[in-house]
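J.: This one is work-v4.cif, mmCIF, C-alpha atoms and all ligand atoms.
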data_run
#
loop_
_atom_site.label_atom_id
_atom_site.label_comp_id
_atom_site.auth_asym_id
_atom_site.auth_seq_id
_atom_site.Cartn_x
_atom_site.Cartn_y
_atom_site.Cartn_z
CA MET Y 1280 27.80 16.91 12.76
CA SER Y 1281 26.09 19.40 10.45
CA ALA Y 1282 23.67 18.21 7.76
CA ALA Y 1283 26.12 19.31 5.09
CA ASP Y 1284 28.79 17.08 6.70
CA TRP Y 1285 26.72 13.92 7.22
CA LEU Y 1286 25.28 14.26 3.75
CA GLU Y 1287 28.65 14.72 2.07
CA GLN Y 1288 30.32 11.93 4.04
CA GLY Y 1289 27.43 9.48 3.81
CA LEU Y 1290 26.33 10.00 0.21
CA PRO Y 1291 29.23 8.09 -1.37
CA HIS Y 1292 28.05 5.04 0.62
CA ILE Y 1293 24.31 5.12 0.21
CA TRP Y 1294 22.23 3.51 -2.54
CA LEU Y 1295 18.83 5.15 -2.98
CA PRO Y 1296 15.55 3.54 -4.11
CA TYR Y 1297 14.40 3.85 -7.74
CA THR Y 1298 17.13 6.44 -8.26
CA GLN Y 1299 19.55 6.79 -11.14
CA MET Y 1300 22.51 7.65 -8.94
CA GLN Y 1301 24.48 9.22 -11.79
CA THR Y 1302 21.98 11.86 -12.85
CA THR Y 1303 19.58 12.44 -9.97
CA PRO Y 1304 20.25 15.39 -7.67
CA PRO Y 1305 21.12 14.37 -4.07
CA PRO Y 1306 18.24 13.84 -1.62
CA LEU Y 1307 17.16 16.73 0.60
CA PRO Y 1308 18.46 16.47 4.17
CA VAL Y 1309 15.57 16.41 6.65
CA ALA Y 1310 15.95 17.80 10.16
CA SER Y 1311 12.56 16.85 11.58
CA THR Y 1312 8.90 16.15 10.85
CA LYS Y 1313 5.67 17.17 12.55
CA GLY Y 1314 2.03 16.87 11.53
CA SER Y 1315 2.01 17.39 7.76
CA ARG Y 1316 5.31 19.28 7.72
CA ILE Y 1317 8.81 18.20 6.79
CA THR Y 1318 11.52 20.58 8.02
CA LEU Y 1319 14.69 20.52 5.96
CA ALA Y 1320 18.14 20.95 7.46
CA ASP Y 1321 18.38 24.46 6.02
CA GLY Y 1322 15.20 25.46 7.84
CA ARG Y 1323 12.81 25.32 4.86
CA GLU Y 1324 9.45 23.72 5.62
CA LEU Y 1325 7.59 21.56 3.11
CA ILE Y 1326 3.92 20.60 3.32
CA ASP Y 1327 3.83 16.87 2.75
CA GLY Y 1328 1.41 15.83 0.02
CA ILE Y 1329 2.09 12.10 0.09
CA ALA Y 1330 2.52 11.20 3.79
CA SER Y 1331 5.73 9.26 3.17
CA TRP Y 1332 4.38 6.87 0.58
CA TRP Y 1333 0.87 6.94 2.16
CA THR Y 1334 1.92 5.70 5.56
CA ALA Y 1335 1.66 8.65 7.98
CA CYS Y 1336 -2.14 8.70 8.16
CA HIS Y 1337 -2.19 10.64 11.47
CA GLY Y 1338 0.58 13.00 10.36
CA TYR Y 1339 4.13 12.73 11.67
CA ASN Y 1340 5.07 12.35 15.35
CA HIS Y 1341 1.58 11.86 16.74
CA PRO Y 1342 2.12 12.06 20.52
CA HIS Y 1343 -0.18 9.11 21.27
CA ILE Y 1344 1.87 6.78 19.05
CA ALA Y 1345 5.18 8.18 20.30
CA GLN Y 1346 4.13 7.58 23.90
CA ALA Y 1347 3.02 3.99 23.19
CA VAL Y 1348 6.33 3.20 21.49
CA ARG Y 1349 8.37 4.79 24.29
CA GLY Y 1350 6.48 2.77 26.89
CA GLN Y 1351 7.03 -0.45 24.95
CA LEU Y 1352 10.72 0.34 24.43
CA ASP Y 1353 11.32 0.26 28.17
CA LYS Y 1354 9.41 -3.01 28.61
CA MET Y 1355 10.54 -5.07 25.62
CA PRO Y 1356 11.74 -3.73 22.27
CA HIS Y 1357 11.77 -7.17 20.73
CA VAL Y 1358 11.40 -10.85 21.48
CA MET Y 1359 11.20 -13.67 18.96
CA PHE Y 1360 7.68 -14.75 18.00
CA GLY Y 1361 8.46 -18.45 17.59
CA GLY Y 1362 7.20 -20.18 20.74
CA LEU Y 1363 6.74 -16.87 22.62
CA ALA Y 1364 3.81 -14.49 22.59
CA HIS Y 1365 3.36 -10.91 23.79
CA GLU Y 1366 0.47 -8.60 24.55
CA PRO Y 1367 1.00 -5.96 21.81
CA ALA Y 1368 0.86 -8.57 19.02
CA LEU Y 1369 -2.04 -10.57 20.40
CA THR Y 1370 -4.06 -7.45 21.11
CA LEU Y 1371 -3.35 -6.15 17.63
CA ALA Y 1372 -4.35 -9.46 16.03
CA ARG Y 1373 -7.63 -9.45 17.95
CA ARG Y 1374 -8.35 -5.84 16.97
CA LEU Y 1375 -7.54 -6.36 13.27
CA ALA Y 1376 -9.75 -9.45 13.16
CA ALA Y 1377 -12.57 -7.43 14.75
CA LEU Y 1378 -12.18 -4.62 12.21
CA LEU Y 1379 -12.08 -6.87 9.15
CA PRO Y 1380 -15.22 -8.62 7.90
CA ASP Y 1381 -15.92 -12.13 9.11
CA PRO Y 1382 -14.46 -14.77 8.48
CA LEU Y 1383 -11.10 -12.96 8.12
CA GLU Y 1384 -9.71 -13.81 11.53
CA ARG Y 1385 -6.15 -15.23 11.53
CA VAL Y 1386 -3.33 -12.74 11.51
CA PHE Y 1387 0.22 -13.54 10.42
CA PHE Y 1388 2.66 -10.68 11.08
CA CYS Y 1389 5.67 -9.71 9.00
CA ASP Y 1390 7.56 -6.51 8.32
CA SER Y 1391 6.75 -5.01 4.92
CA GLY Y 1392 3.98 -4.82 2.37
CA SER Y 1393 5.91 -6.93 -0.13
CA VAL Y 1394 6.41 -9.69 2.39
CA ALA Y 1395 2.74 -9.54 3.43
CA VAL Y 1396 1.82 -10.18 -0.22
CA GLU Y 1397 4.49 -12.91 -0.51
CA VAL Y 1398 3.02 -14.58 2.57
CA ALA Y 1399 -0.49 -14.35 1.08
CA MET Y 1400 0.81 -16.01 -2.10
CA LYS Y 1401 2.68 -18.68 -0.16
CA MET Y 1402 -0.36 -19.32 2.05
CA SER Y 1403 -2.50 -19.82 -1.06
CA VAL Y 1404 -0.13 -22.30 -2.68
CA GLN Y 1405 0.37 -24.23 0.55
CA PHE Y 1406 -3.38 -24.23 1.24
CA TRP Y 1407 -3.87 -26.15 -2.00
CA LEU Y 1408 -0.81 -28.37 -1.44
CA ASN Y 1409 -2.17 -29.33 1.97
CA GLN Y 1410 -5.37 -30.52 0.24
CA GLY Y 1411 -3.33 -32.55 -2.26
CA PHE Y 1412 -3.55 -30.12 -5.22
CA THR Y 1413 0.06 -29.92 -6.38
CA GLY Y 1414 -0.60 -28.05 -9.63
CA ARG Y 1415 -2.18 -24.89 -8.20
CA THR Y 1416 0.93 -22.75 -8.08
CA LYS Y 1417 0.08 -19.80 -10.33
CA PHE Y 1418 -1.57 -16.45 -9.73
CA LEU Y 1419 -3.84 -14.24 -11.77
CA SER Y 1420 -3.26 -10.53 -11.38
CA PHE Y 1421 -4.12 -7.35 -13.24
CA ARG Y 1422 -2.66 -4.80 -15.60
CA GLY Y 1423 -1.98 -1.62 -13.66
CA GLY Y 1424 -1.33 -3.59 -10.47
CA TYR Y 1425 1.60 -3.13 -8.11
CA HIS Y 1426 2.29 -5.50 -5.23
CA GLY Y 1427 5.88 -4.88 -4.16
CA ASP Y 1428 9.47 -5.35 -5.22
CA THR Y 1429 10.40 -8.90 -4.19
CA PHE Y 1430 10.51 -11.61 -6.85
CA ALA Y 1431 7.12 -13.19 -6.20
CA CYS Y 1432 5.52 -9.75 -5.87
CA MET Y 1433 7.14 -8.53 -9.08
CA SER Y 1434 5.68 -11.54 -10.89
CA VAL Y 1435 2.14 -10.31 -10.14
CA CYS Y 1436 2.78 -6.63 -10.93
CA ASP Y 1437 1.83 -5.12 -14.29
CA PRO Y 1438 4.36 -6.73 -16.66
CA GLU Y 1439 4.71 -3.61 -18.81
CA GLU Y 1440 5.44 -1.41 -15.85
CA GLY Y 1441 8.94 0.06 -16.17
CA MET Y 1442 10.13 -0.75 -12.67
CA HIS Y 1443 9.90 -4.50 -13.09
CA SER Y 1444 9.71 -5.28 -16.80
CA LEU Y 1445 13.52 -5.56 -16.82
CA PHE Y 1446 13.28 -8.68 -14.69
CA ALA Y 1447 10.68 -10.47 -16.81
CA GLY Y 1448 13.04 -13.33 -17.65
CA ALA Y 1449 13.70 -14.06 -13.99
CA LEU Y 1450 10.09 -14.05 -12.83
CA ALA Y 1451 7.57 -16.85 -12.41
CA LYS Y 1452 5.09 -16.77 -15.32
CA GLN Y 1453 1.69 -15.70 -14.04
CA ILE Y 1454 -1.60 -14.94 -15.77
CA ILE Y 1455 -2.13 -11.20 -16.27
CA ALA Y 1456 -5.61 -9.93 -17.13
CA ASP Y 1457 -7.54 -6.69 -17.49
CA LEU Y 1458 -9.91 -5.91 -14.66
CA PRO Y 1459 -13.39 -7.05 -15.81
CA VAL Y 1460 -15.06 -3.66 -15.88
CA ASP Y 1461 -17.99 -4.43 -18.20
CA GLU Y 1462 -20.17 -7.42 -19.09
CA ALA Y 1463 -18.15 -8.45 -22.14
CA SER Y 1464 -14.92 -8.41 -20.19
CA GLU Y 1465 -16.57 -10.36 -17.37
CA ALA Y 1466 -17.40 -13.14 -19.83
CA ALA Y 1467 -13.84 -13.09 -21.19
CA PHE Y 1468 -12.47 -13.11 -17.67
CA ASP Y 1469 -14.62 -16.10 -16.81
CA ARG Y 1470 -13.31 -17.99 -19.85
CA LEU Y 1471 -9.75 -17.16 -18.82
CA LEU Y 1472 -10.33 -18.50 -15.32
CA ALA Y 1473 -11.98 -21.64 -16.70
CA ALA Y 1474 -8.95 -22.26 -18.92
CA HIS Y 1475 -6.49 -21.89 -16.02
CA ALA Y 1476 -8.54 -23.02 -13.02
CA GLU Y 1477 -6.50 -26.18 -12.47
CA GLU Y 1478 -3.24 -24.25 -12.15
CA LEU Y 1479 -4.38 -21.14 -10.30
CA ALA Y 1480 -3.87 -20.78 -6.56
CA ALA Y 1481 -5.39 -17.31 -6.27
CA ILE Y 1482 -6.37 -14.01 -7.86
CA VAL Y 1483 -4.41 -11.03 -6.47
CA VAL Y 1484 -5.88 -7.54 -6.67
CA GLU Y 1485 -5.59 -4.10 -5.12
CA PRO Y 1486 -9.24 -3.37 -4.28
CA LEU Y 1487 -10.78 -0.09 -5.56
CA ALA Y 1488 -7.44 1.65 -6.21
CA GLN Y 1489 -4.36 0.38 -7.99
CA GLY Y 1490 -1.65 2.57 -6.50
CA ALA Y 1491 1.97 2.60 -7.59
CA GLY Y 1492 1.02 0.95 -10.92
CA GLY Y 1493 -0.73 4.14 -12.05
CA MET Y 1494 -3.30 5.34 -9.48
CA ILE Y 1495 -6.18 3.71 -11.35
CA PHE Y 1496 -9.59 3.38 -9.70
CA HIS Y 1497 -12.36 0.86 -10.26
CA GLY Y 1498 -15.81 0.30 -8.78
CA ALA Y 1499 -17.01 -2.14 -6.15
CA GLU Y 1500 -18.86 -4.11 -8.84
CA VAL Y 1501 -15.52 -5.18 -10.34
CA LEU Y 1502 -14.56 -6.77 -7.03
CA GLN Y 1503 -17.98 -8.40 -6.75
CA LYS Y 1504 -17.38 -9.93 -10.20
CA LEU Y 1505 -13.99 -11.20 -9.09
CA ARG Y 1506 -15.47 -12.77 -5.98
CA ARG Y 1507 -18.22 -14.51 -7.99
CA ALA Y 1508 -15.78 -15.73 -10.63
CA ALA Y 1509 -13.28 -16.96 -8.02
CA ASP Y 1510 -16.05 -18.89 -6.27
CA ARG Y 1511 -17.35 -20.37 -9.53
CA HIS Y 1512 -13.92 -21.76 -10.35
CA GLY Y 1513 -12.78 -22.61 -6.81
CA ILE Y 1514 -9.90 -20.10 -6.81
CA LEU Y 1515 -8.84 -18.04 -3.79
CA LEU Y 1516 -9.10 -14.24 -3.77
CA ILE Y 1517 -6.35 -12.09 -2.22
CA PHE Y 1518 -6.91 -8.36 -1.57
CA ASP Y 1519 -3.69 -6.39 -1.34
CA GLU Y 1520 -4.83 -3.49 0.89
CA VAL Y 1521 -1.31 -2.23 1.54
CA PHE Y 1522 -2.26 1.03 -0.23
CA THR Y 1523 -6.01 1.13 0.39
CA GLY Y 1524 -6.14 0.07 4.04
CA PHE Y 1525 -6.73 2.40 6.99
CA GLY Y 1526 -9.08 4.97 5.53
CA ARG Y 1527 -7.31 5.87 2.30
CA THR Y 1528 -10.30 5.11 0.06
CA GLY Y 1529 -12.80 6.53 2.55
CA THR Y 1530 -13.66 3.48 4.65
CA MET Y 1531 -11.33 1.68 7.04
CA PHE Y 1532 -10.67 -0.99 4.40
CA ALA Y 1533 -11.63 -1.03 0.72
CA CYS Y 1534 -13.19 -4.50 1.10
CA GLU Y 1535 -15.68 -2.96 3.51
CA SER Y 1536 -17.07 -0.36 1.09
CA ALA Y 1537 -16.94 -2.87 -1.77
CA GLY Y 1538 -18.98 -5.35 0.29
CA VAL Y 1539 -16.65 -8.16 -0.79
CA VAL Y 1540 -14.79 -10.49 1.55
CA PRO Y 1541 -11.55 -11.92 0.17
CA ASP Y 1542 -9.97 -15.15 1.44
CA ILE Y 1543 -6.77 -13.35 2.41
CA VAL Y 1544 -5.92 -9.67 2.89
CA ALA Y 1545 -2.49 -8.03 3.09
CA LEU Y 1546 -1.99 -4.86 5.17
CA SER Y 1547 1.02 -2.65 5.88
CA LYS Y 1548 1.95 1.04 5.26
CA ALA Y 1549 -0.49 2.95 7.54
CA LEU Y 1550 -0.81 -0.02 9.95
CA THR Y 1551 1.60 1.67 12.39
CA GLY Y 1552 0.48 5.17 11.43
CA GLY Y 1553 3.61 5.24 9.30
CA THR Y 1554 6.01 5.09 12.20
CA MET Y 1555 7.80 1.81 11.51
CA GLY Y 1556 7.75 -1.30 9.38
CA LEU Y 1557 5.01 -3.80 10.16
CA ALA Y 1558 2.67 -5.81 7.97
CA ALA Y 1559 -0.03 -8.40 8.41
CA THR Y 1560 -1.53 -11.11 6.25
CA ILE Y 1561 -5.00 -12.00 7.50
CA ALA Y 1562 -6.65 -15.23 6.42
CA SER Y 1563 -10.19 -16.53 6.60
CA ARG Y 1564 -11.18 -19.41 8.83
CA LYS Y 1565 -11.31 -21.75 5.81
CA ILE Y 1566 -7.73 -20.95 4.82
CA PHE Y 1567 -6.46 -21.38 8.38
CA GLU Y 1568 -8.26 -24.69 8.79
CA GLY Y 1569 -6.57 -25.93 5.62
CA PHE Y 1570 -3.31 -25.93 7.59
CA LEU Y 1571 -4.58 -27.97 10.53
CA SER Y 1572 -3.32 -31.54 10.40
CA ASP Y 1573 -1.24 -34.17 12.19
CA ASP Y 1574 1.44 -33.56 9.59
CA PRO Y 1575 4.04 -30.95 10.77
CA LEU Y 1576 4.74 -30.11 7.13
CA HIS Y 1577 1.20 -28.80 6.77
CA ALA Y 1578 2.16 -25.88 9.07
CA LEU Y 1579 2.62 -22.49 7.37
CA MET Y 1580 6.26 -22.52 6.34
CA HIS Y 1581 7.20 -18.91 6.97
CA GLY Y 1582 8.68 -16.96 9.89
CA PRO Y 1583 10.45 -13.60 9.52
CA THR Y 1584 12.91 -12.90 12.36
CA PHE Y 1585 11.35 -9.58 13.32
CA MET Y 1586 7.73 -10.63 12.83
CA ALA Y 1587 5.30 -9.06 15.31
CA ASN Y 1588 7.98 -6.72 16.65
CA PRO Y 1589 6.50 -5.40 19.94
CA LEU Y 1590 7.44 -1.76 19.23
CA ALA Y 1591 5.73 -1.87 15.85
CA CYS Y 1592 2.69 -3.66 17.31
CA ALA Y 1593 2.46 -1.05 20.09
CA ALA Y 1594 2.57 1.67 17.42
CA ALA Y 1595 -0.16 -0.11 15.44
CA ASN Y 1596 -2.38 -0.47 18.52
CA ALA Y 1597 -1.93 3.24 19.23
CA SER Y 1598 -2.77 4.01 15.60
CA LEU Y 1599 -6.00 1.98 15.90
CA ASP Y 1600 -6.83 3.92 19.10
CA LEU Y 1601 -6.60 7.11 17.05
CA PHE Y 1602 -8.98 5.72 14.43
CA GLU Y 1603 -11.40 5.00 17.29
CA GLN Y 1604 -10.94 8.31 19.14
CA GLU Y 1605 -10.57 10.81 16.31
CA PRO Y 1606 -12.78 11.36 13.24
CA ARG Y 1607 -10.34 10.00 10.64
CA LEU Y 1608 -12.94 8.75 8.17
CA ALA Y 1609 -14.82 12.05 8.30
CA GLN Y 1610 -11.48 13.76 7.70
CA ALA Y 1611 -10.87 11.49 4.70
CA ALA Y 1612 -14.30 12.48 3.32
CA ALA Y 1613 -13.50 16.20 3.75
CA ILE Y 1614 -10.11 15.72 2.05
CA SER Y 1615 -11.88 14.01 -0.83
CA GLU Y 1616 -14.14 17.02 -1.42
CA ALA Y 1617 -11.22 19.46 -1.11
CA LEU Y 1618 -9.16 17.43 -3.59
CA LYS Y 1619 -12.02 17.40 -6.12
CA LEU Y 1620 -12.41 21.15 -5.85
CA GLY Y 1621 -8.73 22.02 -5.59
CA LEU Y 1622 -7.48 19.87 -8.48
CA ALA Y 1623 -10.39 20.66 -10.85
CA PRO Y 1624 -8.58 23.59 -12.59
CA CYS Y 1625 -6.05 21.04 -13.93
CA ARG Y 1626 -8.79 19.72 -16.23
CA ASP Y 1627 -8.38 22.82 -18.39
CA PHE Y 1628 -4.70 22.18 -19.16
CA PRO Y 1629 -4.26 20.65 -22.63
CA ARG Y 1630 -1.65 18.08 -21.54
CA VAL Y 1631 -3.73 16.81 -18.63
CA LYS Y 1632 -5.41 13.52 -19.59
CA ASP Y 1633 -7.44 13.03 -16.45
CA VAL Y 1634 -8.11 14.35 -12.96
CA ARG Y 1635 -9.58 11.82 -10.55
CA VAL Y 1636 -10.22 11.53 -6.83
CA LEU Y 1637 -11.10 8.54 -4.69
CA GLY Y 1638 -11.25 8.95 -0.92
CA ALA Y 1639 -8.10 10.79 0.16
CA ILE Y 1640 -6.30 10.12 -3.14
CA GLY Y 1641 -6.09 12.88 -5.73
CA VAL Y 1642 -4.57 12.23 -9.15
CA VAL Y 1643 -3.61 14.42 -12.09
CA GLU Y 1644 -2.62 12.28 -15.06
CA LEU Y 1645 -0.54 14.04 -17.72
CA ASP Y 1646 0.09 12.81 -21.24
CA ARG Y 1647 3.77 12.52 -20.27
CA ILE Y 1648 6.38 14.07 -17.99
CA ASP Y 1649 9.50 15.14 -19.88
CA ASP Y 1650 11.59 16.50 -17.06
CA MET Y 1651 10.86 14.60 -13.86
CA ASN Y 1652 13.73 16.11 -11.86
CA GLY Y 1653 12.70 19.60 -12.92
CA LEU Y 1654 9.11 18.95 -11.91
CA LYS Y 1655 10.15 17.64 -8.48
CA ARG Y 1656 12.40 20.67 -7.99
CA ARG Y 1657 9.52 23.04 -8.81
CA PHE Y 1658 7.32 21.39 -6.17
CA VAL Y 1659 10.02 21.93 -3.54
CA GLU Y 1660 10.39 25.55 -4.66
CA ALA Y 1661 6.62 25.86 -4.21
CA GLY Y 1662 7.02 24.64 -0.60
CA VAL Y 1663 5.42 21.21 -0.99
CA TRP Y 1664 6.60 17.61 -1.00
CA VAL Y 1665 5.01 15.95 -4.04
CA ARG Y 1666 6.70 13.09 -5.91
CA PRO Y 1667 5.23 12.38 -9.34
CA PHE Y 1668 6.00 9.06 -11.01
CA ARG Y 1669 5.74 8.23 -14.71
CA ASN Y 1670 2.98 10.61 -15.91
CA ILE Y 1671 1.17 10.71 -12.58
CA VAL Y 1672 1.10 13.63 -10.14
CA TYR Y 1673 -0.76 12.54 -7.01
CA LEU Y 1674 -1.67 13.63 -3.50
CA THR Y 1675 -2.19 11.17 -0.64
CA PRO Y 1676 -1.87 13.48 2.36
CA ALA Y 1677 -2.14 12.61 6.04
CA LEU Y 1678 -5.81 12.25 6.98
CA THR Y 1679 -5.16 14.89 9.65
CA ILE Y 1680 -3.93 17.55 7.21
CA GLY Y 1681 -5.27 21.06 7.86
CA GLU Y 1682 -7.64 22.72 5.41
CA GLY Y 1683 -5.13 25.49 4.67
CA GLU Y 1684 -2.29 23.04 4.18
CA LEU Y 1685 -4.36 21.00 1.75
CA LYS Y 1686 -5.23 24.14 -0.19
CA CYS Y 1687 -1.50 24.97 -0.44
CA LEU Y 1688 -0.95 21.47 -1.87
CA THR Y 1689 -3.70 21.62 -4.49
CA ASP Y 1690 -2.73 25.20 -5.43
CA ALA Y 1691 0.88 24.07 -5.87
CA VAL Y 1692 -0.18 21.14 -8.07
CA VAL Y 1693 -2.33 23.44 -10.25
CA ALA Y 1694 0.48 26.01 -10.50
CA VAL Y 1695 3.35 23.59 -11.20
CA VAL Y 1696 1.40 21.33 -13.57
CA GLY Y 1697 0.02 24.44 -15.26
CA GLU Y 1698 3.53 25.66 -16.05
CA ARG Y 1699 4.17 22.52 -18.07
CA ALA Y 1700 0.77 21.53 -19.34
N1 LIG K 1801 1.32 -3.61 -2.24
C1 LIG K 1801 0.90 -2.37 -2.52
C2 LIG K 1801 -0.50 -2.17 -3.00
C3 LIG K 1801 1.76 -1.27 -2.37
O1 LIG K 1801 1.32 -0.04 -2.67
C4 LIG K 1801 3.08 -1.51 -1.92
C5 LIG K 1801 4.02 -0.39 -1.78
O2 LIG K 1801 3.87 0.66 -2.34
C6 LIG K 1801 3.48 -2.82 -1.62
C7 LIG K 1801 2.57 -3.85 -1.80
C8 LIG K 1801 4.86 -3.11 -1.14
O3 LIG K 1801 5.02 -2.65 0.16
P1 LIG K 1801 6.49 -2.42 0.76
O4 LIG K 1801 7.08 -1.30 0.00
O5 LIG K 1801 6.24 -2.12 2.20
O6 LIG K 1801 7.23 -3.70 0.57
#
What does the file become when written as structure tokens?
Ligand code: PLP

T.:
Amino acid sequence: MSAADWLEQGLPHIWLPYTQMQTTPPPLPVASTKGSRITLADGRELIDGIASWWTACHGYNHPHIAQAVRGQLDKMPHVMFGGLAHEPALTLARRLAALLPDPLERVFFCDSGSVAVEVAMKMSVQFWLNQGFTGRTKFLSFRGGYHGDTFACMSVCDPEEGMHSLFAGALAKQIIADLPVDEASEAAFDRLLAAHAEELAAIVVEPLAQGAGGMIFHGAEVLQKLRRAADRHGILLIFDEVFTGFGRTGTMFACESAGVVPDIVALSKALTGGTMGLAATIASRKIFEGFLSDDPLHALMHGPTFMANPLACAAANASLDLFEQEPRLAQAAAISEALKLGLAPCRDFPRVKDVRVLGAIGVVELDRIDDMNGLKRRFVEAGVWVRPFRNIVYLTPALTIGEGELKCLTDAVVAVVGERA
């Protein structure tokens, strides 16, 4: 069937994400992907500036991952994880625990970033319940934060954020704060925690970079403040590293460069090198021990059907091999410098509010975007795949992107933003 045919016949039956189906042009049919290139069905090639929502850290179709998945497919594509164990998952758990700072050591697998955050939230509440604290059911999270689209995740996202504000009436009421970036706000934050300590299970934060909520960066000292405050008030600290994990901010995990160890961390996205859905919630020894008891109801009450899928775990192990064998973090550092240089001309455009770079994340913040569909179309005409949201144009390329490809991306951003700004 030709692309024109499958598109025409399938479109009346598909419902696309975050898409006003009445006014948005149809999606572009893709024929194949390779490295940092997306080939469209009509033969046009786009350089991918966002690595499929920041997942494809080694580029598309890396042969080492493809081979690992093929090998696993012949052995065992899936087996339930309740009462049965398999090598890909146990090896992956051991490797993740070794990569994360001590005492983060217990890995619970699930299948998406949202569910990894949900599990972290559920773990926190049940940790307290298991110790007899029935009132610690709320979460403190931050303006500018994004943690996923499920109901519990939406409740800890920025409440003003357009995607989820619609649902406010249906969401659990949480405590939303500003990140304590200076001394005065640290004192205010401390007072807020003191006022709510009895009802808070945990603080949830995206460390160093808030992603889909606005691509906002903060320093390590903010996370150090959160850790100190959480400890002072006996509240757990959850790092949502779904965006920041696997080299995106320059180190393997953001917690590493921040020098802060959370009680629980959520990972997904680039965990499988962007090849398939897999996520992990990793808890510290203290959290895990809070579930050990003679009472069966003290066990963690969660178990997604496809958790620890062997194909996805094999892909993730292969992705970790690549981090060991190839210079990904050095590549992230080089991308960082190229982004700083390449996006700098945007600073001169009157409608550009800010240009910022952290690790392999480059952001051009405009005062507003009037014609989002037009802007997206112009990027495609310029031969690149860049998907602005709200007033944010960003690049989160594969860490393996070529120098020339990255230059095409930054040149396209400067040219297209320059037309409008
Ligand atoms: N947390 C963060 C920081 C994210 O960036 C995302 C997705 O963008 C999620 C959670 C949700 O992940 P998923 O879309 O896999 O459910």

J.: Would you mind telling me which residue in Y:Ala1347, Y:Val1460, Y:Val1435, Y:Ala1562 lies nearest to ligand LIG 1801 (chain K) when using all atoms listed in the file?

T.: Y:Val1435

J.: Output the neighbourhood of ligand LIG 1801 (chain K) as a ChimeraX atom specification, that is, all protein and nucleic acid residues with some atom at most 7 Å from the ligand, counting all atoms listed in the file.

T.: /Y:1332,1391-1394,1396,1425-1428,1485,1489-1491,1519-1522,1547-1548

J.: Closest to Ser1563 of chain Y among Y:Gly1638, Y:Gly1524, Y:Pro1438, Y:Pro1380, using all atoms listed in the file?

T.: Y:Pro1380

J.: As an exercise, work out the distance from atom CA of Ile1514 of chain Y to atom CA of Ala1481 of chain Y in Å and give it to one decimal place.

T.: 5.3 Å

J.: Excluding segment 1605-1612 of chain Y and residues on its chain fewer than 3 positions from it, collect all residues at most 12 Å away from it, counting only C-alpha atoms, and give them as JSON, numbers by chain.

T.: {"Y": [1336, 1337, 1338, 1343, 1524, 1525, 1526, 1527, 1528, 1529, 1530, 1531, 1532, 1552, 1597, 1598, 1599, 1600, 1601, 1602, 1615, 1616, 1617, 1618, 1619, 1636, 1637, 1638, 1639, 1640, 1641, 1675, 1676, 1677, 1678, 1679, 1680, 1681, 1682, 1685]}

J.: Have a look at atom CA of Leu1505 of chain Y and atom CA of Leu1445 of chain Y and let me know their distance in Å, one decimal.

T.: 29.1 Å

J.: Distance atom CA of His1581 of chain Y-atom CA of Val1398 of chain Y, one decimal place?

T.: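 Separation of atom CA of His1581 of chain Y and atom CA of Val1398 of chain Y: 7.5 Å.
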
J.: Taking into account all atoms listed in the file, which residue in the set Y:Ala1594, Y:Ala1451, Y:Leu1383, Y:Leu1286 is nearest to Pro1367 of chain Y?

T.: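 Going through Y:Ala1594, Y:Ala1451, Y:Leu1383, Y:Leu1286 one by one, the smallest distance to Pro1367 of chain Y is for Y:Ala1594.
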
J.: From the list Y:Tyr1339, Y:Phe1406, Y:Phe1388, Y:Phe1468, which residue is nearest Ile1566 of chain Y when using only C-alpha atoms?

T.: Y:Phe1406

J.: Tell me, counting all atoms listed in the file, for each residue of segment 1563-1674 of chain Y within 9 Å of segment 1696-1699 of chain Y, which pair of atoms is nearest and how far apart they are in Å to one decimal, in rows ordered by chain and increasing number, as a tab-separated table.

T.:
residue	atom	partner	partner_atom	distance
Y:Cys1625	CA	Y:Gly1697	CA	7.1
Y:Phe1628	CA	Y:Gly1697	CA	6.5
Y:Arg1630	CA	Y:Arg1699	CA	8.1
Y:Val1631	CA	Y:Val1696	CA	8.5
Y:Val1643	CA	Y:Val1696	CA	8.7
Y:Leu1645	CA	Y:Val1696	CA	8.6
Y:Ile1648	CA	Y:Arg1699	CA	8.7
Y:Leu1654	CA	Y:Val1696	CA	8.2
Y:Val1672	CA	Y:Val1696	CA	8.4

J.: Applying 12 Å and only C-alpha atoms, which residues near Asp1510 of chain Y remain after dropping the ones on its own chain fewer than 2 positions away? List them as a VMD selection string.

T.: chain Y and resid 1469 1472 to 1473 1476 1481 to 1482 1503 to 1508 1512 to 1516 1540 to 1542

J.: Please save C-alpha atoms of the selected residues as a short mmCIF file (atom, residue, chain, number, x, y, z; two decimals), in the coordinates of the input.

T.:
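Resulting contents of result.cif:
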data_model
loop_
_atom_site.label_atom_id
_atom_site.label_comp_id
_atom_site.auth_asym_id
_atom_site.auth_seq_id
_atom_site.Cartn_x
_atom_site.Cartn_y
_atom_site.Cartn_z
CA ASP Y 1469 -14.62 -16.10 -16.81
CA LEU Y 1472 -10.33 -18.50 -15.32
CA ALA Y 1473 -11.98 -21.64 -16.70
CA ALA Y 1476 -8.54 -23.02 -13.02
CA ALA Y 1481 -5.39 -17.31 -6.27
CA ILE Y 1482 -6.37 -14.01 -7.86
CA GLN Y 1503 -17.98 -8.40 -6.75
CA LYS Y 1504 -17.38 -9.93 -10.20
CA LEU Y 1505 -13.99 -11.20 -9.09
CA ARG Y 1506 -15.47 -12.77 -5.98
CA ARG Y 1507 -18.22 -14.51 -7.99
CA ALA Y 1508 -15.78 -15.73 -10.63
CA HIS Y 1512 -13.92 -21.76 -10.35
CA GLY Y 1513 -12.78 -22.61 -6.81
CA ILE Y 1514 -9.90 -20.10 -6.81
CA LEU Y 1515 -8.84 -18.04 -3.79
CA LEU Y 1516 -9.10 -14.24 -3.77
CA VAL Y 1540 -14.79 -10.49 1.55
CA PRO Y 1541 -11.55 -11.92 0.17
CA ASP Y 1542 -9.97 -15.15 1.44
#
